Amino acid sequence: MEKNYDHLSTEDKLYASWEASGVMRANNTSKKEPFTIPLPPPNVTGHLHLGHAAMLAIEDIMIRFKKMTGHEVLWVPGTDHAAIATENVVLKHLKIQNREEMTRENFLKECRKFAGEKHDRIVHQIRKMGAHLDWSREAYTFDEARNHAVNTIFKRLYDDGLIVRGHRMINWSVGAQSVLSDDEVQWEDGETIFYEFWCGPFLIGTVRTETKCADSPVVVHPTAKYIRAQNAEGKECIVTEKYFKGHTKLKKDFKIIETVQGKKLVGMEFEAETYAGKRKFWVMADNIIDPDFGTGAMTISTAHDPHDFELAQAHGLDLIQKIDFKGRMTDIAGPCSGMLVKDARKKAGEILEEKNLLFEKRPYANRIPVCYRSGTVVEPMLSPQWFISVDKEFKDQFTGKKTTLKKLMQEAVRDKHVQIIPRQFEKVYFHWIDNLRDWCISRQIWWGHRIPVWYDEKGEIATVGETKDPKSSWTQDPDTLDTWFSSALWPFSTLGWPDENAEDYRKFYPTDVLETGHDILFFWVARMIMFGRYATGVYPFHTVYLHGLVTDEHGKKMSKSAGNGIDPLDVIEKYGADAARLSLVVGTSPGQPIPLGESKISGYRNFVNKLWNAGRFIQMQTVGTSRDLSLPEPKSLADRWIASRFTHVAKEVAKHLEKYEISLAGDKIYHFVWDEFCNWYIEESKKEKNPVFLKHIFGEILKLSHPLCPFITEKLWEELEFAPLCKGRCPKDRGVLEREFLVLQNFPTPTFKDKKAEEEFQKMQAETIRVRQAQADKQADKKEKARLEQAIFALEARLKNKGYTDKAPAHLVEQTKKELEEAKEKLKKM
RNA sequence: GGGCGCUUAGCUCAGCUGGCUAGAGCAUCUCGUUUACACCGAGGAGGUCGAGGGUUCGAGUCCCCCAGCGCCCACCA
């Protein structure tokens with residue numbers, strides 16, 4: 001055995017042997033209790049990042065622990081086709097502006113090719129972490145089986161009236177050329193200009209000057225007090241009293257004519273100049289106006305703002321499209337038509353200024369909605385889309401009762417069918433659901449599950465759901481489904497659903513734990529809960545474990561621009577996968593940020609090496625030892641102490657892992673191995689030898705540590721030839737295996753307890769420490785003595801020097817004398 | 001604006017339902033070339049647990065309030 005553990009020559013080989021042996025394959029005919037985790041499928045075109053690494057480490061620990069405690073485990077791997085993200089990357093890759101430049105089929109071919117290539121990369125990277133995944137069951141969110149599941153649930157939802165097509169205000173990503181769900185919109189801080197301009201007698205505030213180009217009502221608050229005033233040139237001005245009185249310029253230039261309530265203004269009509277020419281305006285009142293904000297009046301863009309749209313619906317207003325789906329102004333924008341929104345905004349402002357319509361402008365901090373994938377601006381637009389109605393009642397086929405999808409989601413957590421770790425996120429979950437609106441599921445992109453709806457020649461819906469041979473006159477809906485739609489089926493679509501008799505589905509569904517980053521609680525977890533309960537009648541898992549964001553060692557977000565990013569593959573290369581796993585798992589709390597720096601990783605690398613060297617020592621001790629299969633007896637006090645301590649620690653570790661408290665389990669193992677086993681037991685065992693017992697305990701330690709650091713433990717298991725020792729004592733129901741891997745051993749459940757030995761050994765430890773301290777003190781004394789002697793010598797020499805005593809300032813000489821006396825005094829006392 | 005969380009040694013964090021003489025890793029200081037390991041061993045220094053108030057025999061742990069930091073949601077014409 002080498003002096004230092006070499007992870008590079010070990011890990012890939014071991015993983016390959018696990019894979020080749022079939023040890024990671026789950027058996028759906030097993031009588032054992034199942035334990036199932038659906039792997040959150042990484043984006044097929046992505047690469048492994050630290051979030052994945054943390055996820056893989058946590059889930060692998062759960063899986064290995066459960067397997068060692070007698071469960072039939074299944075960890076289903078797979079990848080996600082990541083609709084918008086992939087389509088974006090492919091477009092960039094092909095160096096084309098939009099997909100219309102090629103045929104749909106050709107574009108999809110390119111996507112498939114690209115995804116296929118990238119698939120191999122991510123899947124290879126997942127293996128690097130040591131993940132005990134059943135690769136024979138690998139799935140893909142965009143393969144045929146998953147498409148079948150998608151079509152099936154779509155049809156069922158449609159028949160229940162829960163999927164509807166509606167002409168509603170949606171989030172339009174100009175970059176992705178598609179609608180986005182509410183959750184896919186991100187908000188970025190931005191600097192813009194706030195304009196106040198004249199619209200007839202009214203002052204209107206806006207940052208979106210480009211939309212102020214069409215006939216429109218001016219909305220005022222019905223009960224707020226407005227002031228009508230006039231200036232020297234006869235120009236009229238109507239603003240709230242509050243605004244008027246707070247504005248010195250207005251107060252100076254305008255003379256009040258009267259004060260009226262907002263509703264008295266209703267019905268007023270006038271023509272006014274806009275940046276796009278003269279337009280018709282009229283006044284209406286609505287409580288939507290905040291009388292304390294700005295001038296107390298606004299004009300509305302019925303088709304480009306969610307609130308305005310609502311208002312338009314309520315008041316039966318015309319819907320006027322001012323911006324097209326490419327993000328350019330329509331003809332109605334007059335001088336700005338054809339311009340990009342951003343440019344039109346500036347231009348419209350300039351025109352307002354030229355036409356002397358501008359009253360005031362000032363810098364304004366606002367937040368800009370952007371597409372979470374393409375990073376481009378999101379425009380609220382009006383468009384026909386498919387929605388999932390979350391508040392609509394339907395008859396639940398499993399209970400026969402009326403309910404809504406929202407209720408099913410709420411019940412999941414409220415009635416404790418699903419537990420979220422950490423608890424705080426349950427509140428976040430409820431809050432999200434309470435404010436949940438219908439989920440827009442259609443996307444205008446090509447890479448994704450095509451909406452299974454066919455239209456006849458009249459444009460009426462001909463059929464919905466899986467359609468094997470559509471009539472030639474029919475056309476399929478051109479849109480695809482939100483990528484999260486297929487992800488939401490993942491826990492059961494990977495197990496054979498909709499075939500409820502599929503062996504995997506019967507054995508492994510519902511699954512047990514869904515572990516993922518807290519950032520996709522809404523995108524994914526909530527929707528799995530919704531579809532899972534809706535489609536299968538049971539919730540798809542009983543526990544949701546959320547890990548936090550991996551940050552740099554100071555808790556700062558890792559980013560390219562900050563240059564503080566860490567690539568997990570570099571970490572694995574430099575320190576090994578075990579060290580990477582431990583550093584992502586120990587010293588962390590669920591849901592909390594996971595700070596990671598090199599010093600932490602190298603610390604766990606050191607631990608791994610410590611294990612290695614303990615193993616090396618034990619191998620040296622046990623060379624030529626007979627292979628006694630009987631359980632060795634503890635002999636010495638140290639033997640009994642470590643055995644008793646091991647019983648205690650093994651229990652604690654199991655208890656923690658049972659509760660998914662991985663960090664605490666890791667901490668206990670770390671300190672038991674290093675502080676108790678290595679620093680005390682091994683040292684004591686050198687005095688009173690019992691090599692067979694030493695080796696036995698070490699073997700148990702390897703089992704205990706295996707879920708957390710599978711590579712080093714497996715390697716030592718092999719090096720120390722533990723495997724042959726346990727042949728014949730292992731359960732026989734796992735088929736033919738080349739080797740007895742550690743993961744097939746039973747997790748230690750030792751019973752040996754010797755309280756007296758523990759106490760006695762502790763006394764011995766205390767005594768040893770006292771002696772060491774005394775020795776250290778003695779050494780310290782000796783050193784202090786030497787230091788004093790040297791100081792005395794130097795001080796005396798200085799005082800003997802006539803030049804010094806004669807010429808140096810008297811107080812310095814006094815001080816020297818004093819120092820000498822003190823030093824002599826101190827030395828005398830020693 | 002609403003919600004959630006965090007604030008404990010120089011740094012990053014444990015401390016679960018109140019009993020702590022407050023722990024760990026890293027960093028730091030002293031000593032150590034003892035045949036598992038310097039990716040090591042032994043010993044040490046370092047904290048009035050963010051500020052203030054309260055409940056209690058007892059509070060890092062519970063309550064109130066304040067401050068700073070972080071995250072999520074809503075997005076005001």
# chains A, B, ... in the order shown; residues from 1 in each chain; ligands from 1

call {"tool": "closest_atom_pairs", "arguments": {"of": "chain A", "to": "chain B", "cutoff": "6 Å", "atoms": "only C-alpha atoms (C1' of nucleotides)", "output": "tab-separated table"}}
result
residue	atom	partner	partner_atom	distance
A:Met298	CA	B:A77	C1'	5.8
A:Asn606	CA	B:C39	C1'	4.5
A:Asn613	CA	B:A36	C1'	4.7
A:Ala614	CA	B:A36	C1'	5.2
A:Arg616	CA	B:A36	C1'	5.6
A:Phe617	CA	B:A36	C1'	4.1

call {"tool": "write_last_selection", "arguments": {"atoms": "all heavy atoms", "output": "CSV table (one decimal), in the first residue's frame"}}
result
chain,number,residue,atom,x,y,z
A,298,MET,N,-53.9,58.0,-14.7
A,298,MET,CA,-53.1,57.3,-15.6
A,298,MET,C,-53.9,56.9,-16.9
A,298,MET,O,-55.1,56.9,-16.9
A,298,MET,CB,-52.6,56.0,-15.0
A,298,MET,CG,-53.6,55.0,-14.7
A,298,MET,SD,-52.9,53.4,-14.1
A,298,MET,CE,-54.4,52.4,-14.1
A,606,ASN,N,-7.7,15.2,3.9
A,606,ASN,CA,-6.8,14.7,5.0
A,606,ASN,C,-7.5,13.6,5.8
A,606,ASN,O,-6.8,12.6,6.2
A,606,ASN,CB,-6.4,15.8,5.9
A,606,ASN,CG,-5.6,16.9,5.2
A,606,ASN,OD1,-5.2,16.7,4.1
A,606,ASN,ND2,-5.4,18.0,5.9
A,613,ASN,N,-4.3,5.6,6.0
A,613,ASN,CA,-3.1,5.3,6.8
A,613,ASN,C,-3.4,4.3,8.0
A,613,ASN,O,-2.6,3.5,8.4
A,613,ASN,CB,-2.4,6.5,7.3
A,613,ASN,CG,-1.4,7.0,6.2
A,613,ASN,OD1,-0.5,6.3,5.9
A,613,ASN,ND2,-1.7,8.1,5.6
A,614,ALA,N,-4.6,4.5,8.6
A,614,ALA,CA,-5.0,3.6,9.6
A,614,ALA,C,-5.1,2.2,9.0
A,614,ALA,O,-4.6,1.2,9.6
A,614,ALA,CB,-6.4,4.0,10.2
A,616,ARG,N,-3.5,1.1,6.4
A,616,ARG,CA,-2.1,0.7,6.2
A,616,ARG,C,-1.5,0.1,7.4
A,616,ARG,O,-0.8,-1.0,7.4
A,616,ARG,CB,-1.3,1.9,5.7
A,616,ARG,CG,-0.2,1.6,4.7
A,616,ARG,CD,0.1,2.8,3.8
A,616,ARG,NE,0.7,3.8,4.6
A,616,ARG,CZ,2.0,4.0,4.8
A,616,ARG,NH1,2.8,3.2,4.3
A,616,ARG,NH2,2.5,5.0,5.5
A,617,PHE,N,-1.7,0.7,8.5
A,617,PHE,CA,-1.1,0.3,9.8
A,617,PHE,C,-1.7,-1.1,10.1
A,617,PHE,O,-1.0,-2.1,10.5
A,617,PHE,CB,-1.4,1.3,10.9
A,617,PHE,CG,-1.0,0.8,12.3
A,617,PHE,CD1,0.3,0.7,12.7
A,617,PHE,CD2,-2.0,0.3,13.2
A,617,PHE,CE1,0.6,0.3,13.9
A,617,PHE,CE2,-1.7,-0.1,14.4
A,617,PHE,CZ,-0.3,-0.2,14.8

call {"tool": "residues_around", "arguments": {"residues": "U7 (chain B)", "least_positions_apart": "5", "cutoff": "12 Å", "atoms": "only C-alpha atoms (C1' of nucleotides)", "output": "ChimeraX atom specification"}}
result
/B:49-51,60,67-70

call {"tool": "write_last_selection", "arguments": {"atoms": "N, CA, C and O atoms (P, O5', C5', C4', C3', O3' and C1' of nucleotides)", "output": "mmCIF file, in the first residue's frame"}}
result
data_model
loop_
_atom_site.group_PDB
_atom_site.id
_atom_site.type_symbol
_atom_site.label_atom_id
_atom_site.label_comp_id
_atom_site.auth_asym_id
_atom_site.auth_seq_id
_atom_site.Cartn_x
_atom_site.Cartn_y
_atom_site.Cartn_z
ATOM 1 P P C B 49 -22.099 37.076 25.214
ATOM 2 O "O5'" C B 49 -21.598 36.737 23.738
ATOM 3 C "C5'" C B 49 -22.303 37.164 22.574
ATOM 4 C "C4'" C B 49 -22.587 35.950 21.719
ATOM 5 C "C3'" C B 49 -24.050 35.787 21.346
ATOM 6 O "O3'" C B 49 -24.104 36.016 19.945
ATOM 7 C "C1'" C B 49 -23.058 33.729 22.063
ATOM 8 P P G B 50 -25.338 36.717 19.261
ATOM 9 O "O5'" G B 50 -24.905 38.251 19.271
ATOM 10 C "C5'" G B 50 -23.647 38.652 18.751
ATOM 11 C "C4'" G B 50 -23.734 40.092 18.362
ATOM 12 C "C3'" G B 50 -24.511 40.956 19.351
ATOM 13 O "O3'" G B 50 -23.705 41.387 20.421
ATOM 14 C "C1'" G B 50 -25.284 41.353 17.156
ATOM 15 P P A B 51 -24.412 41.590 21.856
ATOM 16 O "O5'" A B 51 -25.180 42.966 21.652
ATOM 17 C "C5'" A B 51 -24.446 44.185 21.504
ATOM 18 C "C4'" A B 51 -25.387 45.350 21.595
ATOM 19 C "C3'" A B 51 -26.342 45.314 22.776
ATOM 20 O "O3'" A B 51 -25.757 45.817 23.958
ATOM 21 C "C1'" A B 51 -27.558 45.753 20.815
ATOM 22 P P G B 60 -26.824 32.473 28.201
ATOM 23 O "O5'" G B 60 -26.999 32.321 26.612
ATOM 24 C "C5'" G B 60 -26.534 33.336 25.737
ATOM 25 C "C4'" G B 60 -26.864 32.980 24.311
ATOM 26 C "C3'" G B 60 -28.240 32.392 24.087
ATOM 27 O "O3'" G B 60 -29.149 33.420 23.781
ATOM 28 C "C1'" G B 60 -26.616 30.987 23.099
ATOM 29 P P A B 67 -34.619 49.412 13.323
ATOM 30 O "O5'" A B 67 -33.093 48.966 13.222
ATOM 31 C "C5'" A B 67 -32.055 49.902 13.525
ATOM 32 C "C4'" A B 67 -30.716 49.204 13.525
ATOM 33 C "C3'" A B 67 -30.362 48.458 12.251
ATOM 34 O "O3'" A B 67 -29.873 49.327 11.251
ATOM 35 C "C1'" A B 67 -29.864 47.096 14.111
ATOM 36 P P G B 68 -30.092 48.979 9.701
ATOM 37 O "O5'" G B 68 -29.002 47.858 9.430
ATOM 38 C "C5'" G B 68 -27.617 48.200 9.402
ATOM 39 C "C4'" G B 68 -26.797 46.937 9.355
ATOM 40 C "C3'" G B 68 -27.086 46.014 8.175
ATOM 41 O "O3'" G B 68 -26.421 46.420 6.995
ATOM 42 C "C1'" G B 68 -27.048 44.747 10.165
ATOM 43 P P C B 69 -27.104 46.125 5.577
ATOM 44 O "O5'" C B 69 -26.826 44.568 5.389
ATOM 45 C "C5'" C B 69 -25.496 44.072 5.285
ATOM 46 C "C4'" C B 69 -25.501 42.570 5.334
ATOM 47 C "C3'" C B 69 -26.350 41.878 4.278
ATOM 48 O "O3'" C B 69 -25.696 41.799 3.028
ATOM 49 C "C1'" C B 69 -26.786 40.900 6.383
ATOM 50 P P G B 70 -26.592 41.860 1.667
ATOM 51 O "O5'" G B 70 -27.258 40.416 1.635
ATOM 52 C "C5'" G B 70 -26.452 39.273 1.459
ATOM 53 C "C4'" G B 70 -27.247 38.025 1.712
ATOM 54 C "C3'" G B 70 -28.454 37.823 0.829
ATOM 55 O "O3'" G B 70 -28.114 37.349 -0.445
ATOM 56 C "C1'" G B 70 -29.016 37.306 3.057
#

call {"tool": "residues_around", "arguments": {"residues": "region 544-558 of chain A", "least_positions_apart": "5", "cutoff": "7 Å", "atoms": "only C-alpha atoms (C1' of nucleotides)", "output": "list in words"}}
result
Leu50, Gly51, Gln419, Ile420, Ile421, Pro422, Val513, Leu514, Glu515, Thr516, Gly517, His518, Asn564, Gly565, Pro590, Gly591, Gln592, Pro593, Ile594, Pro595, Leu596 and Gly597 of chain A; U12 of chain B

call {"tool": "select_by_dssp", "arguments": {"residues": "region 43-290 of chain A", "states": "strand (DSSP E or B)", "output": "ChimeraX atom specification"}}
result
/A:43,71-76,78-80,139-140,163-173,178-180,185-199,202-206,216-220,225-230,236-240,255-261,269-274,277-285

call {"tool": "closest_residue", "arguments": {"among": "B:G18, B:U8, B:U28, B:U34", "to": "U55 (chain B)", "atoms": "only C-alpha atoms (C1' of nucleotides)"}}
result
B:G18

call {"tool": "residues_around", "arguments": {"residues": "region 690-698 of chain A", "least_positions_apart": "5", "cutoff": "8 Å", "atoms": "only C-alpha atoms (C1' of nucleotides)", "output": "list in words"}}
result
Gly615, Ile618, Gln621, Thr622, Thr625, Leu631, Pro632, Glu633, Pro634, Lys635, Asp639, Ala643 and Ser685 of chain A

call {"tool": "write_last_selection", "arguments": {"atoms": "N, CA and C atoms", "output": "compact mmCIF listing (two decimals), in the first residue's frame"}}
result
# COMPACT_ATOMS: atom_id res chain seq x y z
N GLY A 615 -5.67 2.14 7.79
CA GLY A 615 -5.77 0.87 7.09
C GLY A 615 -4.40 0.27 6.81
N ILE A 618 -3.01 -1.20 9.95
CA ILE A 618 -3.70 -2.44 10.30
C ILE A 618 -3.26 -3.57 9.39
N GLN A 621 -0.06 -4.84 10.67
CA GLN A 621 -0.25 -5.59 11.91
C GLN A 621 -0.80 -6.98 11.67
N THR A 622 -1.58 -7.09 10.60
CA THR A 622 -2.33 -8.33 10.44
C THR A 622 -1.80 -9.22 9.34
N THR A 625 -1.88 -13.02 9.71
CA THR A 625 -2.85 -13.40 10.74
C THR A 625 -3.82 -14.42 10.15
N LEU A 631 -16.28 -14.09 15.47
CA LEU A 631 -16.18 -12.71 15.92
C LEU A 631 -15.10 -12.60 17.00
N PRO A 632 -14.07 -11.76 16.77
CA PRO A 632 -13.01 -11.68 17.75
C PRO A 632 -13.48 -11.01 19.04
N GLU A 633 -12.90 -11.48 20.13
CA GLU A 633 -13.28 -10.96 21.44
C GLU A 633 -12.41 -9.77 21.80
N PRO A 634 -12.98 -8.73 22.40
CA PRO A 634 -12.15 -7.67 22.95
C PRO A 634 -11.41 -8.19 24.17
N LYS A 635 -10.13 -7.92 24.25
CA LYS A 635 -9.35 -8.42 25.38
C LYS A 635 -8.96 -7.29 26.32
N ASP A 639 -9.49 -2.39 24.03
CA ASP A 639 -10.41 -3.14 23.16
C ASP A 639 -11.84 -2.93 23.61
N ALA A 643 -14.73 -0.83 21.60
CA ALA A 643 -15.91 -1.59 21.18
C ALA A 643 -17.17 -0.95 21.74
N SER A 685 -3.25 0.14 21.11
CA SER A 685 -3.15 -1.22 20.56
C SER A 685 -1.71 -1.59 20.25

call {"tool": "closest_residue", "arguments": {"among": "A:Glu796, A:Asp391, A:Glu144, A:Glu105", "to": "Ser493 (chain A)", "atoms": "only C-alpha atoms"}}
result
A:Glu144

call {"tool": "residues_around", "arguments": {"residues": "region 195-200 of chain A", "least_positions_apart": "6", "cutoff": "7 Å", "atoms": "only C-alpha atoms (C1' of nucleotides)", "output": "PyMOL selection string"}}
result
chain A and resi 206-207+271-273+357-362

call {"tool": "write_last_selection", "arguments": {"atoms": "C-alpha atoms", "output": "PDB file, in the first residue's frame"}}
result
ATOM      1  CA  THR A 206     -44.875  56.716 -16.880  1.00  0.00           C
ATOM      2  CA  VAL A 207     -41.644  54.958 -17.634  1.00  0.00           C
ATOM      3  CA  GLU A 271     -58.648  65.231 -27.869  1.00  0.00           C
ATOM      4  CA  ALA A 272     -55.021  65.468 -26.940  1.00  0.00           C
ATOM      5  CA  GLU A 273     -51.672  65.483 -28.617  1.00  0.00           C
ATOM      6  CA  LEU A 357     -45.776  67.943 -23.791  1.00  0.00           C
ATOM      7  CA  LEU A 358     -43.148  66.989 -21.267  1.00  0.00           C
ATOM      8  CA  PHE A 359     -43.748  68.317 -17.792  1.00  0.00           C
ATOM      9  CA  GLU A 360     -40.947  66.671 -15.851  1.00  0.00           C
ATOM     10  CA  LYS A 361     -38.508  63.827 -16.119  1.00  0.00           C
ATOM     11  CA  ARG A 362     -36.238  62.237 -13.559  1.00  0.00           C
TER      12      ARG A 362
END

call {"tool": "residues_around", "arguments": {"residues": "Asp667 (chain A)", "least_positions_apart": "5", "cutoff": "9 Å", "atoms": "only C-alpha atoms (C1' of nucleotides)", "output": "mmCIF file with C-alpha atoms (C1' of nucleotides), in the first residue's frame"}}
result
data_model
loop_
_atom_site.group_PDB
_atom_site.id
_atom_site.type_symbol
_atom_site.label_atom_id
_atom_site.label_comp_id
_atom_site.auth_asym_id
_atom_site.auth_seq_id
_atom_site.Cartn_x
_atom_site.Cartn_y
_atom_site.Cartn_z
ATOM 1 C CA VAL A 586 -20.590 17.855 6.689
ATOM 2 C CA GLY A 587 -20.997 21.172 8.460
ATOM 3 C CA ILE A 662 -26.216 13.742 7.274
ATOM 4 C CA PHE A 672 -14.771 8.927 16.209
ATOM 5 C "C1'" A B 24 -15.610 21.718 15.698
#

call {"tool": "select_by_dssp", "arguments": {"residues": "region 272-519 of chain A", "states": "helix (DSSP H, G or I)", "output": "MDAnalysis selection string"}}
result
chainID A and resid 306:315 331:336 341:354 405:414 424:434 483:487 490:493 503:508 518:519

call {"tool": "write_last_selection", "arguments": {"atoms": "C-alpha atoms", "output": "mmCIF file, in the first residue's frame"}}
result
data_model
loop_
_atom_site.group_PDB
_atom_site.id
_atom_site.type_symbol
_atom_site.label_atom_id
_atom_site.label_comp_id
_atom_site.auth_asym_id
_atom_site.auth_seq_id
_atom_site.Cartn_x
_atom_site.Cartn_y
_atom_site.Cartn_z
ATOM 1 C CA PRO A 306 -51.620 42.837 -16.510
ATOM 2 C CA HIS A 307 -53.466 45.413 -14.423
ATOM 3 C CA ASP A 308 -54.541 47.422 -17.412
ATOM 4 C CA PHE A 309 -55.769 44.261 -19.055
ATOM 5 C CA GLU A 310 -57.890 43.444 -16.037
ATOM 6 C CA LEU A 311 -59.280 46.932 -16.107
ATOM 7 C CA ALA A 312 -60.019 46.625 -19.804
ATOM 8 C CA GLN A 313 -61.874 43.371 -19.207
ATOM 9 C CA ALA A 314 -63.906 44.903 -16.384
ATOM 10 C CA HIS A 315 -64.844 47.995 -18.391
ATOM 11 C CA ASP A 331 -48.124 50.827 -36.867
ATOM 12 C CA ILE A 332 -50.154 52.516 -34.190
ATOM 13 C CA ALA A 333 -46.925 53.910 -32.757
ATOM 14 C CA GLY A 334 -46.675 56.377 -35.651
ATOM 15 C CA PRO A 335 -43.153 57.772 -35.752
ATOM 16 C CA CYS A 336 -41.909 54.914 -33.589
ATOM 17 C CA VAL A 341 -39.367 48.891 -27.495
ATOM 18 C CA LYS A 342 -36.191 50.131 -25.885
ATOM 19 C CA ASP A 343 -35.482 52.580 -28.707
ATOM 20 C CA ALA A 344 -39.096 53.645 -29.038
ATOM 21 C CA ARG A 345 -39.183 54.496 -25.351
ATOM 22 C CA LYS A 346 -36.345 56.950 -25.799
ATOM 23 C CA LYS A 347 -37.646 58.348 -29.059
ATOM 24 C CA ALA A 348 -41.158 58.858 -27.691
ATOM 25 C CA GLY A 349 -39.669 60.761 -24.781
ATOM 26 C CA GLU A 350 -37.777 62.998 -27.157
ATOM 27 C CA ILE A 351 -40.866 63.685 -29.232
ATOM 28 C CA LEU A 352 -42.873 64.551 -26.126
ATOM 29 C CA GLU A 353 -40.174 67.010 -25.224
ATOM 30 C CA GLU A 354 -40.107 68.538 -28.718
ATOM 31 C CA LEU A 405 -55.504 21.108 -7.967
ATOM 32 C CA LYS A 406 -54.618 23.877 -5.560
ATOM 33 C CA LYS A 407 -56.378 22.049 -2.767
ATOM 34 C CA LEU A 408 -54.493 18.860 -3.544
ATOM 35 C CA MET A 409 -51.237 20.762 -3.259
ATOM 36 C CA GLN A 410 -52.239 22.366 0.012
ATOM 37 C CA GLU A 411 -53.417 19.100 1.533
ATOM 38 C CA ALA A 412 -50.130 17.421 0.729
ATOM 39 C CA VAL A 413 -48.232 19.407 3.315
ATOM 40 C CA ARG A 414 -51.072 20.494 5.584
ATOM 41 C CA GLN A 424 -39.422 26.648 7.299
ATOM 42 C CA PHE A 425 -39.982 25.913 3.654
ATOM 43 C CA GLU A 426 -43.466 24.648 4.377
ATOM 44 C CA LYS A 427 -44.497 28.249 4.985
ATOM 45 C CA VAL A 428 -42.879 29.329 1.753
ATOM 46 C CA TYR A 429 -44.698 26.529 0.001
ATOM 47 C CA PHE A 430 -48.104 27.553 1.349
ATOM 48 C CA HIS A 431 -47.481 31.179 0.542
ATOM 49 C CA TRP A 432 -46.675 30.300 -3.034
ATOM 50 C CA ILE A 433 -49.779 28.185 -3.446
ATOM 51 C CA ASP A 434 -52.030 30.806 -1.890
ATOM 52 C CA THR A 483 -40.363 21.766 -19.803
ATOM 53 C CA TRP A 484 -41.594 21.498 -16.213
ATOM 54 C CA PHE A 485 -44.722 19.739 -17.406
ATOM 55 C CA SER A 486 -42.821 16.562 -18.208
ATOM 56 C CA SER A 487 -40.548 17.029 -15.181
ATOM 57 C CA TRP A 490 -40.821 12.310 -13.242
ATOM 58 C CA PRO A 491 -41.362 10.256 -10.043
ATOM 59 C CA PHE A 492 -43.956 8.041 -11.710
ATOM 60 C CA SER A 493 -43.282 8.384 -15.429
ATOM 61 C CA GLU A 503 -43.424 -4.021 -11.998
ATOM 62 C CA ASP A 504 -41.365 -0.977 -11.092
ATOM 63 C CA TYR A 505 -44.425 1.136 -10.485
ATOM 64 C CA ARG A 506 -45.924 -1.477 -8.187
ATOM 65 C CA LYS A 507 -42.741 -2.084 -6.270
ATOM 66 C CA PHE A 508 -41.210 1.375 -6.046
ATOM 67 C CA HIS A 518 -34.602 24.906 -2.654
ATOM 68 C CA ASP A 519 -34.606 27.137 -5.712
#

call {"tool": "atom_distance", "arguments": {"atom1": "CA of Gly262 (chain A)", "atom2": "CA of Ser216 (chain A)"}}
result
17.2 Å

call {"tool": "atom_distance", "arguments": {"atom1": "CA of Ala232 (chain A)", "atom2": "CA of Phe202 (chain A)"}}
result
17.0 Å

call {"tool": "atom_distance", "arguments": {"atom1": "CA of Thr475 (chain A)", "atom2": "CA of Pro384 (chain A)"}}
result
17.1 Å

call {"tool": "residues_around", "arguments": {"residues": "Val164 (chain A)", "least_positions_apart": "3", "cutoff": "12 Å", "atoms": "only C-alpha atoms (C1' of nucleotides)", "output": "list of chain:residue names"}}
result
A:Phe154, A:Lys155, A:Leu157, A:Tyr158, A:Asp159, A:Asp160, A:Gly161, A:His167, A:Arg168, A:Pro384, A:Gln385, A:Trp386, A:Phe387, A:Ile388, A:Ser389, A:Val390, A:Lys392, A:Asp438, A:Trp439, A:Cys440, A:Ile441, A:Ser442, A:Val453, A:Ile461, A:Val464

call {"tool": "closest_residue", "arguments": {"among": "A:Ser602, A:His656, A:Leu180, A:Thr543", "to": "C16 (chain B)", "atoms": "only C-alpha atoms (C1' of nucleotides)"}}
result
A:His656
